[in-house]
Amino acid sequence: MTHSRGDKQPEIFERVPPRNRNFTGRESLLHQLREGTRSVTAVIPLPQALQGYGGVGKTHLAIEYAYRYRSHYDLIWWIPADQYYLVSSALAAMAPHLGLTPASVVGVEEAADAVREALEKGTPYNNWLLIFDNAEDARIEKFIPRGPGHVIITSRDPNWDDQFRSLQVDVFSREESIEFLTKRLGSRISRDEAFRLADKLGDLPLALEQVGALQRRSTMTVDDYIELLDKQTARLLDTDRAKDYPLTMTAAWRVSMSLLEERLPIALNLLRCCAFFGPDPIPLDVFRRGNKANAPSLEKLLADPIMFDKSVKELSRYALIRSDPDNRTIQVHRLIQALLRADLDDEQQTKHREEVHRLLAGSAPQAPDDNSKWGDFADLVPHVGPSQLLGSSEADVREFALNVVRYLYSSGNYPSALELVDTFITDWGKSRENHADVLRARRHQANILRRMGEYSKVYELDRSTLDKVIAEFGAEHPETLIATNGLGGSMRARGDFRAALELDEESVRQHERLLGEDHVLTLRAKNSLALDYGLNSRYEQARQLHTEVYLAQSEAINPASAEIVLLSRNSMARAVRLTNGFEEACDTGEAALAFGVQKLGRDHWATLITAKDLSIAQRRAGALNEAIEIARDTHTRLVRLFGARHPDTIAAAVNVSNVLRVRGDLAEAYELAEEMTRTYPSVYGNDHPFTLACMTNLAILHRLLGKPEEARVLNEAAREGLTERLGPDHHYVLSCAVNLASDLAALGRSEEARQHGEVTLDQLTRLFGRDHFLALACAANLALDREAVGAPDAEDFRSEVVDLYKERLDLGQPDAINAANGNRIDCDLDPLPI
């Protein structure tokens, strides 16, 4: 349902800065904005106006438009756009207001795309207004929705004129200047005095705001002010300090600064500090939470909240900052920031910049993985770049920088996290490539790439990083242990399952010896080892270790994020499935999924992995309707989250195909399996175990669709490749062998099928026991092959197998039903998490 405009206030009016009560004039520009026929309008300064600097009132014009015409819109949203990599986060924040899944669940990029698509479709709102403020990067165009609503872009870049309808904003007309000062000062100023001030200040709105605030605060006459202004102008010309900035603005600012210094000099320290934040709103909590930071120039203010509040109020009255009490922020115009910085020598600039870095680091939450803290991080991130934080060499500041990367990664903003950490690595590595902070940053870089499915890149990165970490920290340092764990993950991703197992077994021993059995890093290493056990067919060990890790993470002494707890609980359920407990795996999987939906949301990556594994367990248990519903839904959501070629998406597609086959929907199952068989090599390579496993799934469908020879050829190739990569006793290899016997039987080569079955059953029984589902499947098929060749014990053997399946038959498991009906059992494969 689409909401209509009506005459009401907008249902959603978010992040728009407070209205300027002294806004004056601009009626023609406001009318043009309202009457514009295109959906996107760029508000830019006149070419070369004010030497490219701001102060003409572009942002105030957009703010006034939003307030004046808000009754014409259902939704109005303000997006700070001066830093490209943060625009997606600002757009994604709109998702819950549009009835879409929030970024904390699906990730920033997915949420931002969903928001843009919803706006373009006009659902649920047709009448919307987005304002992209200070958009200087042309790449921002990709975020701009086209559709039934309106977009306003404010920018100093005139190139927007080439793409969209533009309105060029100049300084005030003289009449507008006079009206502004008269409105601001009332009877304190005459029209002639307003004219003279406007003339002196070149009708620049920001300068007029300065003088208006000053005149309102003091008893100074206009003549006295003009005399001070002339003196400041002469000094600026003498020192050649006006060449880069509007002379009128610089002189007016200096007058305000000198008078403020007489009245409340301590407030100037706060103002100078604010010059080194970004131009976005500065949360006042930065100064509250960071009051223990080493910031000598602010020491007295941070220790005296009463004086701090007084300084904020005074700076606001002088129009040197904009205070927003509702959102508890202050903001300094970028031009005033530039003037403040230019007024300081290099040593002073460095001092204030370092203080800002410490304030940011000191006020930041310490848990970037905790989604309840993401709002605090979101307020700080806009100041990372402008404050030149990456140039700091202080340990606490760099730790904060890496926590920002971790926050962006954890919140699903993978491209921005990668862009930022790449910048850190490049900049920090200039002094020394193997600096400890660079190596830590490389670890974060690898985590991001791994989550993005860029496995080929991650392996080389992890391997070289581990060598560098050992050289820098030594073999027994925690950073070395973390790097070793990362390399194990990359080895699993490459399909080197046995090598990863050997590495992680030694890693766990090292963790336990150096850190203890229940340390959080030790539990992480044990989880990796448990994954290795599953990938190397050591199911019972995987189950025991996953359970141990899950129970330890549930202890108060080892608090873990909801994501880690969910993944651990799901790993336990998966291990139960691989050790025959299909119904138990469903029970635990359902509980894990409910936990994930409650704590993280249905579209969170970890929740989707849990849902996929639950669907596999349901398929094995015979709950096919539930299995296909969850399988399709999970695959759709993963496509939306990561794209069709991400490893997790492909694994979900394999599950959909397998469920369809068990349900008898062979044509659709074949089409999807064939597509995945083509896709896997491009993601993993031709000889990866998952690529080969997908081939045997396709081979099953070839045989069921009446093409047993094609099935045999595929299974032979898959078994040969898997044996080479994993060894002869791996469950992937043995599943291929079971299916190959079925191919031979379908070709009428019953004796060969029986011989294959006998050998395979001996291996499976030795490895997993007689009642494991793979061994039972092989035995059930072998019973058919023994009957086909007239083996004397065929009937007794078949009775024995059916008896072993009796309990499973009562539970309605598909394999048991096939065995009872004399049908062959197919051993499909699902890629395990790595």
# chains A, B, ... in the order shown; residues from 1 in each chain; ligands from 1

call {"tool": "residues_around", "arguments": {"residues": "segment 268-272 of chain A", "least_positions_apart": "3", "cutoff": "9 Å", "atoms": "only C-alpha atoms", "output": "list in words"}}
result
Met257, Leu260, Glu261, Leu264, Pro265, Ala275, Phe276, Ser297, Leu298, Leu301, Phe308, Ser311, Val312, Leu315, Leu320, Ile321, Val332, Gln337, Leu340, Arg341 and His352 of chain A

call {"tool": "write_last_selection", "arguments": {"atoms": "N, CA, C and O atoms", "output": "mmCIF file, in the first residue's frame"}}
result
data_model
loop_
_atom_site.group_PDB
_atom_site.id
_atom_site.type_symbol
_atom_site.label_atom_id
_atom_site.label_comp_id
_atom_site.auth_asym_id
_atom_site.auth_seq_id
_atom_site.Cartn_x
_atom_site.Cartn_y
_atom_site.Cartn_z
ATOM 1 N N MET A 257 36.616 36.292 17.360
ATOM 2 C CA MET A 257 37.578 35.557 18.184
ATOM 3 C C MET A 257 38.220 36.468 19.227
ATOM 4 O O MET A 257 38.377 36.090 20.398
ATOM 5 N N LEU A 260 35.673 37.273 21.952
ATOM 6 C CA LEU A 260 35.398 36.104 22.775
ATOM 7 C C LEU A 260 36.568 35.835 23.726
ATOM 8 O O LEU A 260 36.372 35.427 24.876
ATOM 9 N N GLU A 261 37.762 36.086 23.243
ATOM 10 C CA GLU A 261 38.941 35.857 24.081
ATOM 11 C C GLU A 261 38.932 36.760 25.310
ATOM 12 O O GLU A 261 39.394 36.368 26.386
ATOM 13 N N LEU A 264 35.558 35.050 27.432
ATOM 14 C CA LEU A 264 35.674 33.677 27.949
ATOM 15 C C LEU A 264 36.792 32.958 27.187
ATOM 16 O O LEU A 264 36.532 32.128 26.306
ATOM 17 N N PRO A 265 38.029 33.246 27.495
ATOM 18 C CA PRO A 265 39.143 32.687 26.714
ATOM 19 C C PRO A 265 39.191 31.169 26.709
ATOM 20 O O PRO A 265 39.637 30.563 25.736
ATOM 21 N N ALA A 275 37.999 22.351 15.456
ATOM 22 C CA ALA A 275 38.454 22.572 14.086
ATOM 23 C C ALA A 275 39.105 21.339 13.494
ATOM 24 O O ALA A 275 39.240 21.230 12.270
ATOM 25 N N PHE A 276 39.504 20.401 14.334
ATOM 26 C CA PHE A 276 40.217 19.223 13.856
ATOM 27 C C PHE A 276 39.345 17.965 13.848
ATOM 28 O O PHE A 276 39.827 16.884 13.521
ATOM 29 N N SER A 297 45.048 21.106 26.396
ATOM 30 C CA SER A 297 44.358 22.372 26.137
ATOM 31 C C SER A 297 42.923 22.357 26.645
ATOM 32 O O SER A 297 42.322 23.413 26.850
ATOM 33 N N LEU A 298 42.362 21.160 26.858
ATOM 34 C CA LEU A 298 40.972 21.040 27.320
ATOM 35 C C LEU A 298 40.884 20.536 28.761
ATOM 36 O O LEU A 298 39.781 20.267 29.244
ATOM 37 N N LEU A 301 38.438 22.347 31.021
ATOM 38 C CA LEU A 301 37.059 22.202 30.585
ATOM 39 C C LEU A 301 36.531 20.796 30.840
ATOM 40 O O LEU A 301 35.396 20.609 31.285
ATOM 41 N N PHE A 308 32.266 23.710 30.916
ATOM 42 C CA PHE A 308 32.153 23.172 29.557
ATOM 43 C C PHE A 308 30.821 23.597 28.936
ATOM 44 O O PHE A 308 30.770 24.069 27.799
ATOM 45 N N SER A 311 30.822 27.194 28.011
ATOM 46 C CA SER A 311 31.608 27.466 26.806
ATOM 47 C C SER A 311 30.825 27.114 25.550
ATOM 48 O O SER A 311 30.854 27.844 24.547
ATOM 49 N N VAL A 312 30.132 25.982 25.574
ATOM 50 C CA VAL A 312 29.309 25.593 24.429
ATOM 51 C C VAL A 312 28.250 26.654 24.161
ATOM 52 O O VAL A 312 28.018 27.067 23.011
ATOM 53 N N LEU A 315 29.948 29.885 22.687
ATOM 54 C CA LEU A 315 30.357 29.696 21.285
ATOM 55 C C LEU A 315 29.152 29.708 20.363
ATOM 56 O O LEU A 315 29.213 30.228 19.246
ATOM 57 N N LEU A 320 29.817 30.788 16.377
ATOM 58 C CA LEU A 320 31.041 30.094 15.987
ATOM 59 C C LEU A 320 30.821 28.583 15.912
ATOM 60 O O LEU A 320 31.590 27.870 15.270
ATOM 61 N N ILE A 321 29.804 28.114 16.598
ATOM 62 C CA ILE A 321 29.381 26.717 16.473
ATOM 63 C C ILE A 321 27.867 26.699 16.350
ATOM 64 O O ILE A 321 27.195 27.687 16.657
ATOM 65 N N VAL A 332 30.780 22.746 13.683
ATOM 66 C CA VAL A 332 31.497 23.943 13.257
ATOM 67 C C VAL A 332 31.520 23.965 11.732
ATOM 68 O O VAL A 332 31.867 22.957 11.101
ATOM 69 N N GLN A 337 36.250 26.114 10.437
ATOM 70 C CA GLN A 337 37.290 25.148 10.773
ATOM 71 C C GLN A 337 38.585 25.454 10.017
ATOM 72 O O GLN A 337 39.683 25.419 10.586
ATOM 73 N N LEU A 340 40.281 28.498 11.505
ATOM 74 C CA LEU A 340 40.897 28.168 12.792
ATOM 75 C C LEU A 340 42.211 27.421 12.603
ATOM 76 O O LEU A 340 43.215 27.723 13.263
ATOM 77 N N ARG A 341 42.210 26.459 11.711
ATOM 78 C CA ARG A 341 43.443 25.693 11.473
ATOM 79 C C ARG A 341 44.536 26.578 10.886
ATOM 80 O O ARG A 341 45.713 26.477 11.268
ATOM 81 N N HIS A 352 46.624 20.006 18.700
ATOM 82 C CA HIS A 352 45.160 19.900 18.746
ATOM 83 C C HIS A 352 44.676 18.642 18.021
ATOM 84 O O HIS A 352 43.717 17.996 18.471
#

call {"tool": "residues_around", "arguments": {"residues": "Gly391 of chain A", "least_positions_apart": "6", "cutoff": "10 Å", "atoms": "only C-alpha atoms", "output": "list in words"}}
result
Arg353, Glu354, His357, Gly385, Val397, Arg398, Phe424, Asp427 and Trp428 of chain A

call {"tool": "atom_distance", "arguments": {"atom1": "atom CA of Arg513 of chain A", "atom2": "atom CA of Ala395 of chain A"}}
result
27.8 Å

call {"tool": "residues_around", "arguments": {"residues": "Asp796 of chain A", "least_positions_apart": "4", "cutoff": "12 Å", "atoms": "only C-alpha atoms", "output": "PyMOL selection string"}}
result
chain A and resi 783-784+786-787+791-792+800-803

call {"tool": "select_by_dssp", "arguments": {"residues": "segment 549-590 of chain A", "states": "alpha helix (DSSP H)", "output": "ChimeraX atom specification"}}
result
/A:549-553,562-578,582-590

call {"tool": "residues_around", "arguments": {"residues": "segment 727-739 of chain A", "least_positions_apart": "2", "cutoff": "7 Å", "atoms": "only C-alpha atoms", "output": "PDB file with C-alpha atoms, in the first residue's frame"}}
result
ATOM      1  CA  ASN A 536      38.163 -34.806   7.527  1.00  0.00           C
ATOM      2  CA  SER A 537      35.313 -37.250   8.320  1.00  0.00           C
ATOM      3  CA  ALA A 693      31.443 -32.964  -4.653  1.00  0.00           C
ATOM      4  CA  THR A 696      28.745 -36.230  -7.899  1.00  0.00           C
ATOM      5  CA  ASN A 715      31.465 -40.025 -10.660  1.00  0.00           C
ATOM      6  CA  ARG A 719      36.189 -39.928  -7.090  1.00  0.00           C
ATOM      7  CA  LEU A 722      38.664 -36.377  -4.371  1.00  0.00           C
ATOM      8  CA  THR A 723      40.959 -39.308  -3.612  1.00  0.00           C
ATOM      9  CA  GLU A 724      43.941 -37.256  -4.721  1.00  0.00           C
ATOM     10  CA  ARG A 725      42.924 -34.254  -2.586  1.00  0.00           C
ATOM     11  CA  ALA A 741      28.056 -48.659  -7.785  1.00  0.00           C
ATOM     12  CA  SER A 742      24.532 -47.430  -8.526  1.00  0.00           C
ATOM     13  CA  ASP A 743      25.714 -46.145 -11.934  1.00  0.00           C
ATOM     14  CA  GLY A 757      29.779 -52.142  -2.917  1.00  0.00           C
ATOM     15  CA  THR A 760      33.104 -49.569   0.029  1.00  0.00           C
ATOM     16  CA  CYS A 778      25.914 -48.634   0.978  1.00  0.00           C
ATOM     17  CA  ASP A 826      21.704 -41.834  -3.322  1.00  0.00           C
ATOM     18  CA  CYS A 827      24.511 -40.256  -1.305  1.00  0.00           C
TER      19      CYS A 827
END

call {"tool": "residues_around", "arguments": {"residues": "segment 57-64 of chain A", "least_positions_apart": "5", "cutoff": "8 Å", "atoms": "only C-alpha atoms", "output": "JSON, numbers by chain"}}
result
{"A": [16, 17, 18, 19, 20, 23, 26, 30, 43, 44, 45, 131, 133, 134, 152, 154, 155, 169, 171, 205, 206]}

call {"tool": "atom_distance", "arguments": {"atom1": "atom CA of His444 of chain A", "atom2": "atom CA of Ser104 of chain A"}}
result
19.2 Å

call {"tool": "select_by_dssp", "arguments": {"residues": "segment 204-373 of chain A", "states": "strand (DSSP E or B)", "output": "list in words"}}
result
Ile282, Pro283, Arg322, Ser323, Asp324, Thr329, Ile330 and Gln331 of chain A

call {"tool": "residues_around", "arguments": {"residues": "Ala699 of chain A", "least_positions_apart": "3", "cutoff": "10 Å", "atoms": "only C-alpha atoms", "output": "PyMOL selection string"}}
result
chain A and resi 670+673-674+693-696+702-705+707-716+718+736+739-740+743+828
